[in-house]
Amino acid sequence: MKRPIRRSTRKPVIGVMGPAKAGAKELADAKTLGELIARQGWVILTGGRASGVMDAASEGAKSVPGSLTIGILPDGKAPVSRYVDWPAGSAAPGRFQRWPWR
């Protein structure tokens, strides 16, 4: 007996990584990419810092209402991007928010 194919209700999570120091073109491209990812209804995952390509991608995503951005912060050396909804990792203990999918 064949089983019906189940469709996932989970949103894809798309990672965007890049340098903290980038030129104007790279930052503009990252912002556009973040917006395009969010317009698809996908979640954007970055390093969560407040500089460079990952900050620009998160900013672009947050220009789309209802978007979700996650930042994985490996250390406390740099501030968290204001465009990150849900910071995670050792650098984010004071900014943890409620799980976004509950």
# chains A, B, ... in the order shown; residues from 1 in each chain; ligands from 1
>>> residues_around(residues="Val80 in chain A", least_positions_apart="4", cutoff="7 Å", atoms="only C-alpha atoms", output="list of chain:residue names")
A:Gly48, A:Arg49, A:Ala50
>>> residues_around(residues="range 14-26 of chain A", least_positions_apart="3", cutoff="8 Å", atoms="only C-alpha atoms", output="list in words")
Asp29, Ala30, Ile37, Trp42, Val43, Ile44, Leu45, Thr46, Gly47, Ser51, Gly52, Val53, Met54 and Ala57 of chain A
>>> atom_distance(atom1="CA of Ser58 in chain A", atom2="CA of Arg7 in chain A")
27.6 Å
>>> closest_residue(among="A:Arg39, A:Lys77, A:Lys31, A:Arg3", to="Asp55 in chain A", atoms="only C-alpha atoms")
A:Lys31
>>> select_by_dssp(residues="chain A", states="strand (DSSP E)", output="PyMOL selection string")
chain A and resi 13-15+43-46+69-72+86-88
>>> closest_residue(among="A:Ile72, A:Ser81, A:Leu33, A:Trp86", to="Gly60 in chain A", atoms="only C-alpha atoms")
A:Leu33
